[in-house]
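Structure file entry_25.csv (CSV, C-alpha atoms) follows.
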chain,number,residue,atom,x,y,z
A,1,MET,CA,-21.0,14.8,32.9
A,2,THR,CA,-23.5,14.7,30.1
A,3,GLU,CA,-26.7,13.0,30.8
A,4,ALA,CA,-26.8,10.1,28.3
A,5,ILE,CA,-30.5,9.6,27.2
A,6,PHE,CA,-29.5,6.7,24.9
A,7,ASP,CA,-28.2,4.8,28.0
A,8,ARG,CA,-31.7,4.4,29.4
A,9,ASP,CA,-33.8,4.5,26.3
A,10,PRO,CA,-32.3,3.9,22.8
A,11,ARG,CA,-35.6,4.7,21.2
A,12,GLU,CA,-35.9,8.2,22.5
A,13,LEU,CA,-34.8,9.9,19.3
A,14,CYS,CA,-36.0,13.5,19.7
A,15,PHE,CA,-34.9,15.6,22.7
A,16,THR,CA,-34.3,19.1,23.9
A,17,ALA,CA,-31.1,20.2,25.7
A,18,GLU,CA,-29.2,23.3,26.8
A,19,VAL,CA,-26.1,24.4,24.9
A,20,LEU,CA,-23.3,24.6,27.6
A,21,SER,CA,-20.4,25.5,25.4
A,22,LEU,CA,-19.3,26.1,21.8
A,23,ALA,CA,-15.9,26.0,20.2
A,24,GLU,CA,-14.8,26.5,16.6
A,25,ARG,CA,-12.7,23.8,15.1
A,26,THR,CA,-11.2,22.7,11.8
A,27,ALA,CA,-11.7,19.2,10.5
A,28,ASP,CA,-10.4,18.0,7.1
A,29,GLY,CA,-9.8,21.6,6.2
A,30,GLU,CA,-13.5,22.6,6.9
A,31,THR,CA,-14.7,24.8,9.8
A,32,CYS,CA,-17.0,23.1,12.2
A,33,PHE,CA,-18.2,23.6,15.8
A,34,ALA,CA,-17.8,21.5,19.0
A,35,VAL,CA,-20.9,21.6,21.1
A,36,ILE,CA,-21.4,20.3,24.6
A,37,LEU,CA,-25.0,19.9,25.9
A,38,ASP,CA,-26.3,19.1,29.4
A,39,ARG,CA,-28.1,16.0,28.0
A,40,THR,CA,-28.1,14.1,24.7
A,41,ALA,CA,-29.6,11.1,22.9
A,42,PHE,CA,-26.6,10.9,20.4
A,43,PHE,CA,-24.4,7.9,21.1
A,44,PRO,CA,-20.7,8.9,20.8
A,45,GLU,CA,-18.1,6.7,19.2
A,46,GLN,CA,-16.9,4.2,21.8
A,47,GLY,CA,-16.6,0.5,22.4
A,48,GLY,CA,-15.7,-0.2,18.7
A,49,GLN,CA,-18.9,1.4,17.4
A,50,LYS,CA,-19.2,4.5,15.3
A,51,ALA,CA,-21.3,7.5,16.5
A,52,ASP,CA,-24.9,8.4,15.8
A,53,ARG,CA,-25.8,11.0,13.2
A,54,GLY,CA,-28.7,13.4,12.9
A,55,THR,CA,-29.4,17.1,13.5
A,56,LEU,CA,-29.0,19.4,16.4
A,57,GLY,CA,-30.7,22.8,16.4
A,58,GLY,CA,-30.9,22.7,12.6
A,59,ALA,CA,-27.1,21.9,12.3
A,60,LYS,CA,-25.9,18.6,10.9
A,61,ILE,CA,-24.1,16.2,13.3
A,62,LEU,CA,-20.7,15.3,11.8
A,63,ASP,CA,-19.4,13.2,14.7
A,64,VAL,CA,-19.9,12.6,18.4
A,65,THR,CA,-17.1,11.8,20.9
A,66,ILE,CA,-16.8,11.2,24.6
A,67,ARG,CA,-14.1,11.9,27.2
A,68,ASP,CA,-14.3,11.6,30.9
A,69,GLY,CA,-18.1,11.4,30.7
A,70,ILE,CA,-18.4,14.7,28.6
A,71,ILE,CA,-20.0,14.1,25.2
A,72,THR,CA,-19.0,16.5,22.4
A,73,HIS,CA,-21.0,17.0,19.3
A,74,LEU,CA,-19.2,18.1,16.1
A,75,VAL,CA,-21.7,20.1,14.0
A,76,ASP,CA,-21.5,22.1,10.7
A,77,ALA,CA,-23.1,25.3,12.1
A,78,PRO,CA,-22.8,27.4,15.3
A,79,LEU,CA,-25.3,27.2,18.1
A,80,SER,CA,-25.9,29.9,20.8
A,81,VAL,CA,-24.5,29.1,24.2
A,82,GLY,CA,-27.3,29.1,26.8
A,83,SER,CA,-30.0,28.4,24.2
A,84,THR,CA,-32.3,25.3,24.2
A,85,VAL,CA,-32.0,23.2,21.1
A,86,THR,CA,-33.8,20.2,19.7
A,87,GLY,CA,-31.8,17.1,18.6
A,88,THR,CA,-33.1,14.3,16.4
A,89,VAL,CA,-31.2,11.1,16.0
A,90,ASP,CA,-31.1,9.3,12.6
A,91,TRP,CA,-33.2,6.3,13.4
A,92,ALA,CA,-32.3,4.2,10.4
A,93,ARG,CA,-28.6,4.4,11.3
A,94,ARG,CA,-29.3,3.9,15.0
A,95,PHE,CA,-31.5,0.8,14.5
A,96,ASP,CA,-29.1,-0.7,11.9
A,97,PHE,CA,-26.3,-0.4,14.5
A,98,MET,CA,-28.5,-1.9,17.2
A,99,GLN,CA,-29.2,-4.9,15.0
A,100,GLN,CA,-25.5,-5.4,14.2
A,101,HIS,CA,-24.3,-4.9,17.8
A,102,THR,CA,-26.9,-7.2,19.4
A,103,GLY,CA,-26.2,-9.8,16.7
A,104,GLU,CA,-22.5,-9.6,17.5
A,105,HIS,CA,-23.1,-10.1,21.2
A,106,MET,CA,-25.1,-13.2,20.5
A,107,LEU,CA,-22.5,-14.6,18.2
A,108,SER,CA,-19.6,-13.8,20.6
A,109,GLY,CA,-21.5,-15.3,23.5
A,110,LEU,CA,-22.3,-18.5,21.7
A,111,ALA,CA,-18.7,-18.7,20.3
A,112,HIS,CA,-17.5,-18.5,23.9
A,113,ARG,CA,-19.9,-21.2,25.1
A,114,LEU,CA,-19.4,-23.6,22.1
A,115,PHE,CA,-15.7,-23.2,21.5
A,116,GLY,CA,-14.2,-21.3,24.4
A,117,ALA,CA,-13.5,-18.3,22.2
A,118,GLU,CA,-12.9,-14.8,23.6
A,119,ASN,CA,-13.9,-11.7,21.6
A,120,VAL,CA,-10.6,-9.9,21.4
A,121,GLY,CA,-11.6,-7.3,18.8
A,122,PHE,CA,-14.8,-5.5,17.5
A,123,HIS,CA,-15.4,-2.9,14.9
A,124,LEU,CA,-18.8,-1.6,13.8
A,125,SER,CA,-19.1,1.0,11.0
A,126,GLU,CA,-21.5,1.9,8.2
A,127,ARG,CA,-19.8,-0.7,6.0
A,128,GLU,CA,-18.9,-3.7,8.1
A,129,VAL,CA,-19.1,-5.6,11.3
A,130,GLN,CA,-15.7,-7.1,12.2
A,131,VAL,CA,-15.2,-9.6,15.1
A,132,ASP,CA,-11.9,-11.1,16.2
A,133,LEU,CA,-12.1,-14.4,18.1
A,134,SER,CA,-9.2,-15.9,20.0
A,135,VAL,CA,-9.4,-19.4,18.6
A,136,PRO,CA,-9.2,-20.8,15.1
A,137,LEU,CA,-12.6,-21.9,13.8
A,138,GLY,CA,-13.1,-24.2,10.7
A,139,THR,CA,-15.9,-24.3,8.2
A,140,ALA,CA,-17.9,-26.8,10.2
A,141,ASP,CA,-17.4,-24.7,13.4
A,142,LEU,CA,-18.6,-21.6,11.7
A,143,ALA,CA,-21.7,-23.3,10.3
A,144,LYS,CA,-22.5,-24.6,13.8
A,145,LEU,CA,-22.0,-21.2,15.3
A,146,GLU,CA,-24.2,-19.5,12.7
A,147,ARG,CA,-27.0,-22.0,13.1
A,148,ALA,CA,-26.9,-21.5,16.9
A,149,VAL,CA,-27.0,-17.7,16.7
A,150,ASN,CA,-30.0,-17.7,14.3
A,151,GLU,CA,-31.9,-20.2,16.4
A,152,ALA,CA,-31.4,-17.8,19.3
A,153,VAL,CA,-32.6,-14.9,17.2
A,154,PHE,CA,-35.8,-16.7,16.3
A,155,ARG,CA,-36.5,-17.5,20.0
A,156,ASP,CA,-37.5,-13.9,20.5
A,157,ILE,CA,-35.4,-13.5,23.7
A,158,PRO,CA,-35.7,-10.3,25.8
A,159,VAL,CA,-32.7,-8.1,25.7
A,160,ARG,CA,-32.0,-6.1,29.0
A,161,ALA,CA,-29.5,-3.4,29.6
A,162,PHE,CA,-29.0,-2.6,33.3
A,163,TYR,CA,-26.6,-1.4,36.0
A,164,PRO,CA,-26.3,-4.1,38.7
A,165,ASP,CA,-25.2,-3.1,42.2
A,166,ALA,CA,-22.0,-4.5,43.6
A,167,ALA,CA,-23.6,-7.5,45.2
A,168,GLU,CA,-25.5,-8.4,42.0
A,169,LEU,CA,-22.4,-7.8,39.8
A,170,ALA,CA,-20.4,-10.2,42.0
A,171,ALA,CA,-22.9,-13.0,41.4
A,172,ILE,CA,-23.1,-12.5,37.6
A,173,SER,CA,-20.9,-14.2,35.1
A,174,TYR,CA,-20.3,-11.8,32.2
A,175,ARG,CA,-17.9,-11.1,29.3
A,176,GLN,CA,-15.6,-8.1,29.2
A,177,LYS,CA,-12.6,-7.2,27.1
A,178,LYS,CA,-10.8,-5.2,29.8
A,179,GLU,CA,-10.9,-4.3,33.5
A,180,LEU,CA,-13.7,-1.8,34.2
A,181,THR,CA,-14.1,0.7,37.0
A,182,GLY,CA,-17.1,2.6,38.2
A,183,ALA,CA,-20.7,1.6,37.3
A,184,ILE,CA,-20.8,-1.3,34.9
A,185,ARG,CA,-23.6,-1.5,32.4
A,186,LEU,CA,-24.5,-5.1,31.4
A,187,VAL,CA,-26.4,-6.2,28.3
A,188,GLU,CA,-28.2,-9.5,29.0
A,189,ILE,CA,-29.7,-11.6,26.2
A,190,GLY,CA,-31.5,-14.4,28.1
A,191,ASP,CA,-29.3,-17.5,28.5
A,192,VAL,CA,-27.3,-16.6,25.3
A,193,ASP,CA,-25.0,-13.9,26.5
A,194,THR,CA,-24.3,-11.3,29.2
A,195,CYS,CA,-21.6,-8.7,28.4
A,196,ALA,CA,-20.4,-5.3,29.6
A,197,CYS,CA,-21.4,-2.8,27.0
A,198,CYS,CA,-22.2,0.9,26.7
A,199,ALA,CA,-24.1,0.8,23.3
A,200,PRO,CA,-27.8,0.9,22.4
A,201,HIS,CA,-29.3,-2.5,21.7
A,202,VAL,CA,-32.6,-3.9,20.4
A,203,ASN,CA,-35.4,-4.9,22.9
A,204,ARG,CA,-35.7,-8.5,21.7
A,205,SER,CA,-33.5,-10.9,19.8
A,206,SER,CA,-36.1,-11.3,17.0
A,207,GLU,CA,-35.4,-7.6,16.0
A,208,VAL,CA,-31.9,-8.7,14.9
A,209,GLY,CA,-33.7,-10.5,12.1
A,210,LEU,CA,-30.9,-12.7,10.8
A,211,VAL,CA,-27.1,-13.1,11.5
A,212,LYS,CA,-25.0,-14.1,8.5
A,213,ILE,CA,-21.2,-14.8,8.6
A,214,LEU,CA,-20.0,-13.2,5.3
A,215,SER,CA,-16.4,-14.3,5.5
A,216,ALA,CA,-13.7,-15.6,7.8
A,217,MET,CA,-9.9,-15.7,7.9
A,218,ASN,CA,-7.1,-16.8,10.1
A,219,TYR,CA,-5.9,-13.8,12.2
A,220,LYS,CA,-3.2,-13.8,14.9
A,221,GLY,CA,-3.8,-17.4,15.8
A,222,GLY,CA,-7.6,-16.9,16.0
A,223,THR,CA,-10.4,-16.1,13.6
A,224,ARG,CA,-11.5,-12.8,12.1
A,225,LEU,CA,-15.1,-12.7,11.0
A,226,TYR,CA,-17.2,-10.3,9.0
A,227,LEU,CA,-20.9,-10.3,9.7
A,228,ALA,CA,-24.1,-8.8,8.5
A,229,CYS,CA,-27.3,-8.7,10.6
A,230,GLY,CA,-30.9,-7.7,9.9
A,231,ARG,CA,-31.3,-5.4,6.9
A,232,ARG,CA,-27.6,-5.7,6.1
A,233,ALA,CA,-27.9,-9.5,5.8
A,234,LEU,CA,-30.9,-9.0,3.5
A,235,THR,CA,-28.9,-6.6,1.3
A,236,ALA,CA,-26.0,-8.9,1.2
A,237,PHE,CA,-28.2,-11.9,0.2
A,238,SER,CA,-30.0,-9.8,-2.5
A,239,ALA,CA,-26.6,-8.8,-4.0
A,240,CYS,CA,-25.4,-12.4,-4.0
A,241,LEU,CA,-28.7,-13.6,-5.5
A,242,ASP,CA,-28.5,-11.0,-8.2
A,243,GLU,CA,-25.0,-12.0,-9.0
A,244,ALA,CA,-26.0,-15.7,-9.1
A,245,LYS,CA,-28.8,-14.9,-11.5
A,246,GLU,CA,-26.4,-13.1,-13.8
A,247,ILE,CA,-24.0,-16.0,-13.8
A,248,SER,CA,-27.0,-18.4,-14.3
A,249,ALA,CA,-28.0,-16.4,-17.4
A,250,ARG,CA,-24.5,-16.3,-18.8
A,251,LEU,CA,-23.9,-20.0,-18.3
A,252,SER,CA,-27.5,-21.0,-19.3
A,253,ALA,CA,-27.6,-23.1,-16.1
A,254,PRO,CA,-30.3,-23.1,-13.3
A,255,LEU,CA,-29.4,-21.5,-10.0
A,256,GLY,CA,-29.1,-24.9,-8.3
A,257,GLU,CA,-26.6,-26.2,-10.8
A,258,LEU,CA,-24.1,-23.3,-11.0
A,259,ASP,CA,-21.3,-25.2,-9.2
A,260,SER,CA,-21.3,-28.0,-11.8
A,261,ALA,CA,-21.6,-25.4,-14.7
A,262,VAL,CA,-18.7,-23.4,-13.4
A,263,MET,CA,-16.6,-26.6,-13.1
A,264,LYS,CA,-17.3,-27.5,-16.7
A,265,VAL,CA,-16.2,-24.0,-17.8
A,266,GLN,CA,-13.0,-24.3,-15.7
A,267,GLU,CA,-12.3,-27.7,-17.3
A,268,LYS,CA,-12.7,-26.3,-20.8
A,269,SER,CA,-10.6,-23.3,-19.9
A,270,ALA,CA,-7.8,-25.5,-18.4
A,271,ALA,CA,-7.9,-27.7,-21.6
A,272,ALA,CA,-7.7,-24.6,-23.8
A,273,GLU,CA,-4.8,-23.2,-21.8
A,274,SER,CA,-2.9,-26.5,-22.0
A,275,ARG,CA,-3.4,-26.6,-25.8
A,276,ALA,CA,-2.3,-23.0,-26.1
A,277,ALA,CA,0.8,-23.7,-23.9
A,278,SER,CA,1.7,-26.7,-26.1
A,279,ILE,CA,1.4,-24.6,-29.2
A,280,ALA,CA,3.5,-21.8,-27.6
A,281,VAL,CA,6.3,-24.3,-26.7
A,282,GLU,CA,6.3,-25.7,-30.2
A,283,LEU,CA,6.7,-22.2,-31.6
A,284,ILE,CA,9.5,-21.5,-29.2
A,285,LEU,CA,11.3,-24.7,-30.2
A,286,ALA,CA,10.8,-23.9,-33.9
A,287,LYS,CA,12.2,-20.4,-33.4
A,288,ALA,CA,15.2,-21.9,-31.6
A,289,GLU,CA,15.7,-24.4,-34.4
A,290,THR,CA,15.7,-21.6,-36.9
A,291,ALA,CA,18.4,-19.8,-34.9
A,292,ALA,CA,20.4,-23.0,-34.8
A,293,GLN,CA,20.2,-23.3,-38.5
A,294,ARG,CA,21.7,-19.8,-38.8
A,295,GLY,CA,24.6,-21.1,-36.7
A,296,GLU,CA,23.7,-19.5,-33.4
A,297,GLN,CA,25.2,-21.6,-30.6
A,298,ALA,CA,23.5,-19.5,-27.9
A,299,PRO,CA,20.0,-18.6,-29.1
A,300,CYS,CA,18.3,-15.4,-27.7
A,301,LEU,CA,14.6,-15.6,-28.3
A,302,VAL,CA,12.6,-12.4,-28.0
A,303,LEU,CA,8.9,-13.6,-27.6
A,304,PRO,CA,5.5,-11.9,-27.2
A,305,PRO,CA,4.0,-11.9,-23.7
A,306,LEU,CA,3.7,-15.6,-22.5
A,307,PRO,CA,3.0,-17.2,-19.1
A,308,GLU,CA,6.1,-18.0,-17.1
A,309,SER,CA,4.9,-21.6,-17.0
A,310,VAL,CA,5.3,-21.8,-20.8
A,311,LEU,CA,8.9,-20.5,-20.6
A,312,GLN,CA,9.7,-23.1,-17.9
A,313,ARG,CA,8.0,-25.8,-20.0
A,314,ALA,CA,10.1,-25.0,-23.0
A,315,LEU,CA,13.4,-24.9,-21.1
A,316,LYS,CA,13.9,-28.7,-20.8
A,317,PRO,CA,13.7,-29.5,-24.6
A,318,LEU,CA,15.8,-26.4,-25.3
A,319,ARG,CA,18.5,-27.5,-22.9
A,320,GLU,CA,18.5,-31.0,-24.6
A,321,ARG,CA,19.1,-29.2,-27.9
A,322,PHE,CA,21.6,-26.5,-26.9
A,323,SER,CA,24.5,-27.2,-24.5
A,324,GLY,CA,25.5,-23.6,-24.0
A,325,VAL,CA,23.8,-20.5,-22.6
A,326,LEU,CA,20.3,-19.7,-24.0
A,327,GLY,CA,18.0,-16.8,-23.3
A,328,LEU,CA,14.2,-16.5,-23.4
A,329,PHE,CA,12.7,-13.0,-23.2
A,330,SER,CA,8.9,-12.6,-23.2
A,331,GLY,CA,6.9,-9.4,-23.0
A,332,ALA,CA,6.6,-5.9,-24.5
A,333,GLU,CA,8.5,-2.6,-24.3
A,334,GLU,CA,5.6,-1.0,-22.4
A,335,THR,CA,5.6,-3.6,-19.6
A,336,GLY,CA,9.1,-4.9,-19.7
A,337,TYR,CA,10.4,-8.4,-20.7
A,338,ALA,CA,10.4,-11.4,-18.3
A,339,PHE,CA,13.5,-13.4,-19.0
A,340,LEU,CA,14.7,-16.9,-18.3
A,341,LEU,CA,18.4,-17.6,-18.9
A,342,SER,CA,19.9,-21.0,-18.6
A,343,GLY,CA,23.4,-22.5,-18.8
A,344,ASP,CA,25.7,-24.8,-16.6
A,345,GLY,CA,28.5,-23.3,-14.6
A,346,VAL,CA,27.8,-19.7,-15.7
A,347,ASP,CA,28.8,-16.6,-13.6
A,348,TRP,CA,25.6,-14.6,-13.9
A,349,LYS,CA,26.8,-11.6,-11.8
A,350,PRO,CA,27.9,-9.4,-14.9
A,351,PHE,CA,24.6,-9.9,-16.6
A,352,LEU,CA,22.6,-9.1,-13.4
A,353,ALA,CA,24.7,-5.9,-13.1
A,354,GLU,CA,23.8,-5.0,-16.6
A,355,LEU,CA,20.2,-5.6,-15.8
A,356,ARG,CA,20.2,-3.1,-13.0
A,357,ALA,CA,21.7,-0.5,-15.3
A,358,HIS,CA,18.6,-1.0,-17.5
A,359,GLY,CA,16.2,-0.8,-14.6
A,360,GLY,CA,15.7,-4.5,-14.4
A,361,LYS,CA,16.2,-7.1,-11.6
A,362,GLY,CA,16.6,-10.8,-11.3
A,363,GLY,CA,18.1,-13.7,-9.5
A,364,GLY,CA,18.4,-17.5,-9.5
A,365,GLY,CA,20.8,-20.4,-9.0
A,366,LYS,CA,23.9,-21.9,-10.7
A,367,ASP,CA,22.2,-23.1,-13.8
A,368,ARG,CA,19.6,-20.4,-14.5
A,369,ILE,CA,18.4,-16.9,-13.6
A,370,GLN,CA,15.1,-15.2,-14.2
A,371,GLY,CA,13.7,-11.7,-13.7
A,372,ARG,CA,12.5,-8.7,-15.7
A,373,ILE,CA,14.3,-6.1,-17.9
A,374,PHE,CA,13.0,-2.8,-19.2
A,375,CYS,CA,14.4,-1.9,-22.6
A,376,LYS,CA,13.6,-1.9,-26.3
A,377,ALA,CA,13.2,-5.3,-28.0
A,378,THR,CA,16.0,-4.4,-30.4
A,379,GLU,CA,18.5,-4.0,-27.5
A,380,ILE,CA,18.0,-7.4,-26.0
A,381,PRO,CA,20.0,-9.6,-28.4
A,382,ALA,CA,23.0,-7.3,-28.2
A,383,LEU,CA,22.9,-7.4,-24.3
A,384,PHE,CA,22.6,-11.1,-24.3
A,385,HIS,CA,25.3,-11.9,-26.9
A,386,ASP,CA,27.8,-9.4,-25.4
A,387,PHE,CA,27.3,-11.3,-22.1
A,388,VAL,CA,27.7,-14.7,-23.8
A,389,LYS,CA,30.9,-13.5,-25.6
A,390,ASN,CA,32.4,-12.2,-22.4
A,391,GLU,CA,31.4,-15.4,-20.5
A,392,LYS,CA,33.4,-17.4,-23.0
Spit out the file's structure as C-alpha cells when you get a sec.
Amino acid sequence: MTEAIFDRDPRELCFTAEVLSLAERTADGETCFAVILDRTAFFPEQGGQKADRGTLGGAKILDVTIRDGIITHLVDAPLSVGSTVTGTVDWARRFDFMQQHTGEHMLSGLAHRLFGAENVGFHLSEREVQVDLSVPLGTADLAKLERAVNEAVFRDIPVRAFYPDAAELAAISYRQKKELTGAIRLVEIGDVDTCACCAPHVNRSSEVGLVKILSAMNYKGGTRLYLACGRRALTAFSACLDEAKEISARLSAPLGELDSAVMKVQEKSAAAESRAASIAVELILAKAETAAQRGEQAPCLVLPPLPESVLQRALKPLRERFSGVLGLFSGAEETGYAFLLSGDGVDWKPFLAELRAHGGKGGGGKDRIQGRIFCKATEIPALFHDFVKNEK
C-alpha cells in the first residue's frame, strides 16, 4: 500500500518518494504514464472529491487514482523506476478543496441536527460543490441552515482527523454514507459534526471563511444544494455584485432598490405586450374580414411570427364570425409555421397526414388542432383549401 502523507498532514506539500513502477497508457488519445510511488502527498479521487494536481519529478500530474490502497499517478512524462523523485502539490487547489469539503461537512452535520437530513450524495470539483440531502428543505429552512453553518465557522472550532480504536469508535456517534471496514478515519469539527472521511481538511473552522448556498432544487424527494465556501464564495459574491451594479446602471436605480425597479420594467413590458397583442388580434380580424368580403367561407390566414397566445385570443371572435373551418398559420419559411385550425365536427386525420408529408406535426381535439408545418408560404392556402374542399 502507498503511504498517504496527506492522511496525516494535509499541509505537507513537497515530498520525496521512490518510483516503484511505470506503465505507458493512452488517455483521450494522448500518451501518458501511470506511476506508483512508495509514498505520496497527492490525494487521489475518492469520496466524491476530485484529485490533487501538481508536479512529480518535473512531470505534470494529470490525475491520481486509488485502488486497494495503491495510489496511481497519471503524469505527462516518463520517470525512471527505482529513482527518487520530488513531488509538489498545487496548494491553491488543495486549500480550495479543503475549504469546500470542511464547509460541506459542517453544513451536512447541521442539516442532520436541525432537520434530520442525511447526506446521500456529494460531489466536489473545480467548478462546483453539490450536496444531496434526504429531506425537502424550504426557503426558510435553507436560510436557517446557512446562518447556523456560518455561525459555526466564525466560532473558530478546531478540526481533527483521527483513527479511533475499536473501543473509541463504538462510543462515538458519527455520520457515514455506507458501511465501512478496516480502519475508519473520522473528521471531528467540535460539536458541529463528526463524519467518516478520507479527505484533507482545514485545521480550524474559521479557515472555511464563509459558506454560501448558491441554489437549491427538489431532487428525488429531498434537496440538492450547490455551495460555495471560502474564496469561491467571495468570487461568487463579487460576480453577483458586478452584475447588480450593471443592472443598477442600466435601470438608473440604486442597488438597494433594484427589485422595485425591475418590477416597474416588468409592468411596463407586460402592458406593452398586451397592447401589441390587442393590435395583432385586430389585424387578424381585419384580414379575416377582407377574406370574407372576397367570398371566402373558410379563411386561411398566413401571418408573420406571432405568440401562440395571440392566435388563441383571436380564435373566439373568428369563430363568432365564421361558422365553418378556419386556419391561422404564423411563422416564416426558415422556422416553419405554427398553425391553429378550428371547426366543429371535423375529421382532422387527413390534414394531419398531409402535415406529416411536409415534415410537420400536430394534434388536438374535436373542434381544433394545432402544431407546426414546414413549407413555403405560397403552398399553405392550397393545402388548407384542398382539405376544406374534401371535408365538405
#### Entry: Nearby residues (all atoms listed in the file) at most 12 Å from Arg147 in chain A, same-chain spacing under 4 positions excluded, as a list of chain:residue names
A:Met106, A:Leu107, A:Leu110, A:Ala111, A:Leu114, A:Ala140, A:Asp141, A:Leu142, A:Ala143, A:Glu151, A:Ala152, A:Val153, A:Phe154, A:Leu210, A:Val211, A:Lys212, A:Ile213
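Considering only C-alpha atoms, the residue among A:Gln100, A:Ser108, A:Thr40, A:Asn218 positioned nearest to Arg175 in chain A is A:Ser108.
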Neighbour list for range 254-271 of chain A as a PDB file with C-alpha atoms, in the frame of the given file, cut-off 12 Å, all atoms listed in the file, skip fewer than 4 positions in-chain:
ATOM      1  CA  CYS A 240     -25.400 -12.400  -4.000  1.00  0.00           C
ATOM      2  CA  LEU A 241     -28.700 -13.600  -5.500  1.00  0.00           C
ATOM      3  CA  ASP A 242     -28.500 -11.000  -8.200  1.00  0.00           C
ATOM      4  CA  GLU A 243     -25.000 -12.000  -9.000  1.00  0.00           C
ATOM      5  CA  ALA A 244     -26.000 -15.700  -9.100  1.00  0.00           C
ATOM      6  CA  LYS A 245     -28.800 -14.900 -11.500  1.00  0.00           C
ATOM      7  CA  GLU A 246     -26.400 -13.100 -13.800  1.00  0.00           C
ATOM      8  CA  ILE A 247     -24.000 -16.000 -13.800  1.00  0.00           C
ATOM      9  CA  SER A 248     -27.000 -18.400 -14.300  1.00  0.00           C
ATOM     10  CA  ALA A 249     -28.000 -16.400 -17.400  1.00  0.00           C
ATOM     11  CA  ARG A 250     -24.500 -16.300 -18.800  1.00  0.00           C
ATOM     12  CA  ARG A 275      -3.400 -26.600 -25.800  1.00  0.00           C
ATOM     13  CA  ALA A 276      -2.300 -23.000 -26.100  1.00  0.00           C
ATOM     14  CA  ALA A 277       0.800 -23.700 -23.900  1.00  0.00           C
ATOM     15  CA  SER A 278       1.700 -26.700 -26.100  1.00  0.00           C
TER      16      SER A 278
END
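Here the question is which of A:Leu225, A:Val85, A:Leu306, A:Cys195 gets nearest to Ser134 in chain A using all atoms listed in the file, and that residue is A:Leu225.
Shortest atom-to-atom contact with Glu354 in chain A among A:Lys316, A:Arg204, A:Leu383, A:Glu334: A:Leu383, counting all atoms listed in the file.
Across the model, the gap from CA of Asp9 in chain A to CA of Trp91 in chain A is 13.0 Å.
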### Polymer residues at most 10 Å from Gly48 in chain A, all atoms listed in the file, same-chain spacing of 5 or more positions, as a list in words
His101, Gly121, Phe122, His123, Leu124, Ser125, Val129, Gln130 and Ala199 of chain A
### Task
Using CA of Gly109 in chain A and CA of Lys50 in chain A as the two end points, give the distance in Å to one decimal.
21.6 Å
### Distance of CA of Arg113 in chain A from CA of Lys144 in chain A, expressed in Å to one decimal place
12.1 Å
### Query
Near Asp76 in chain A, counting only C-alpha atoms, which residues have an atom at most 6 Å away, once you skip same-chain residues fewer than 2 positions from it, shown as JSON, numbers by chain?
{"A": [32, 59, 60]}
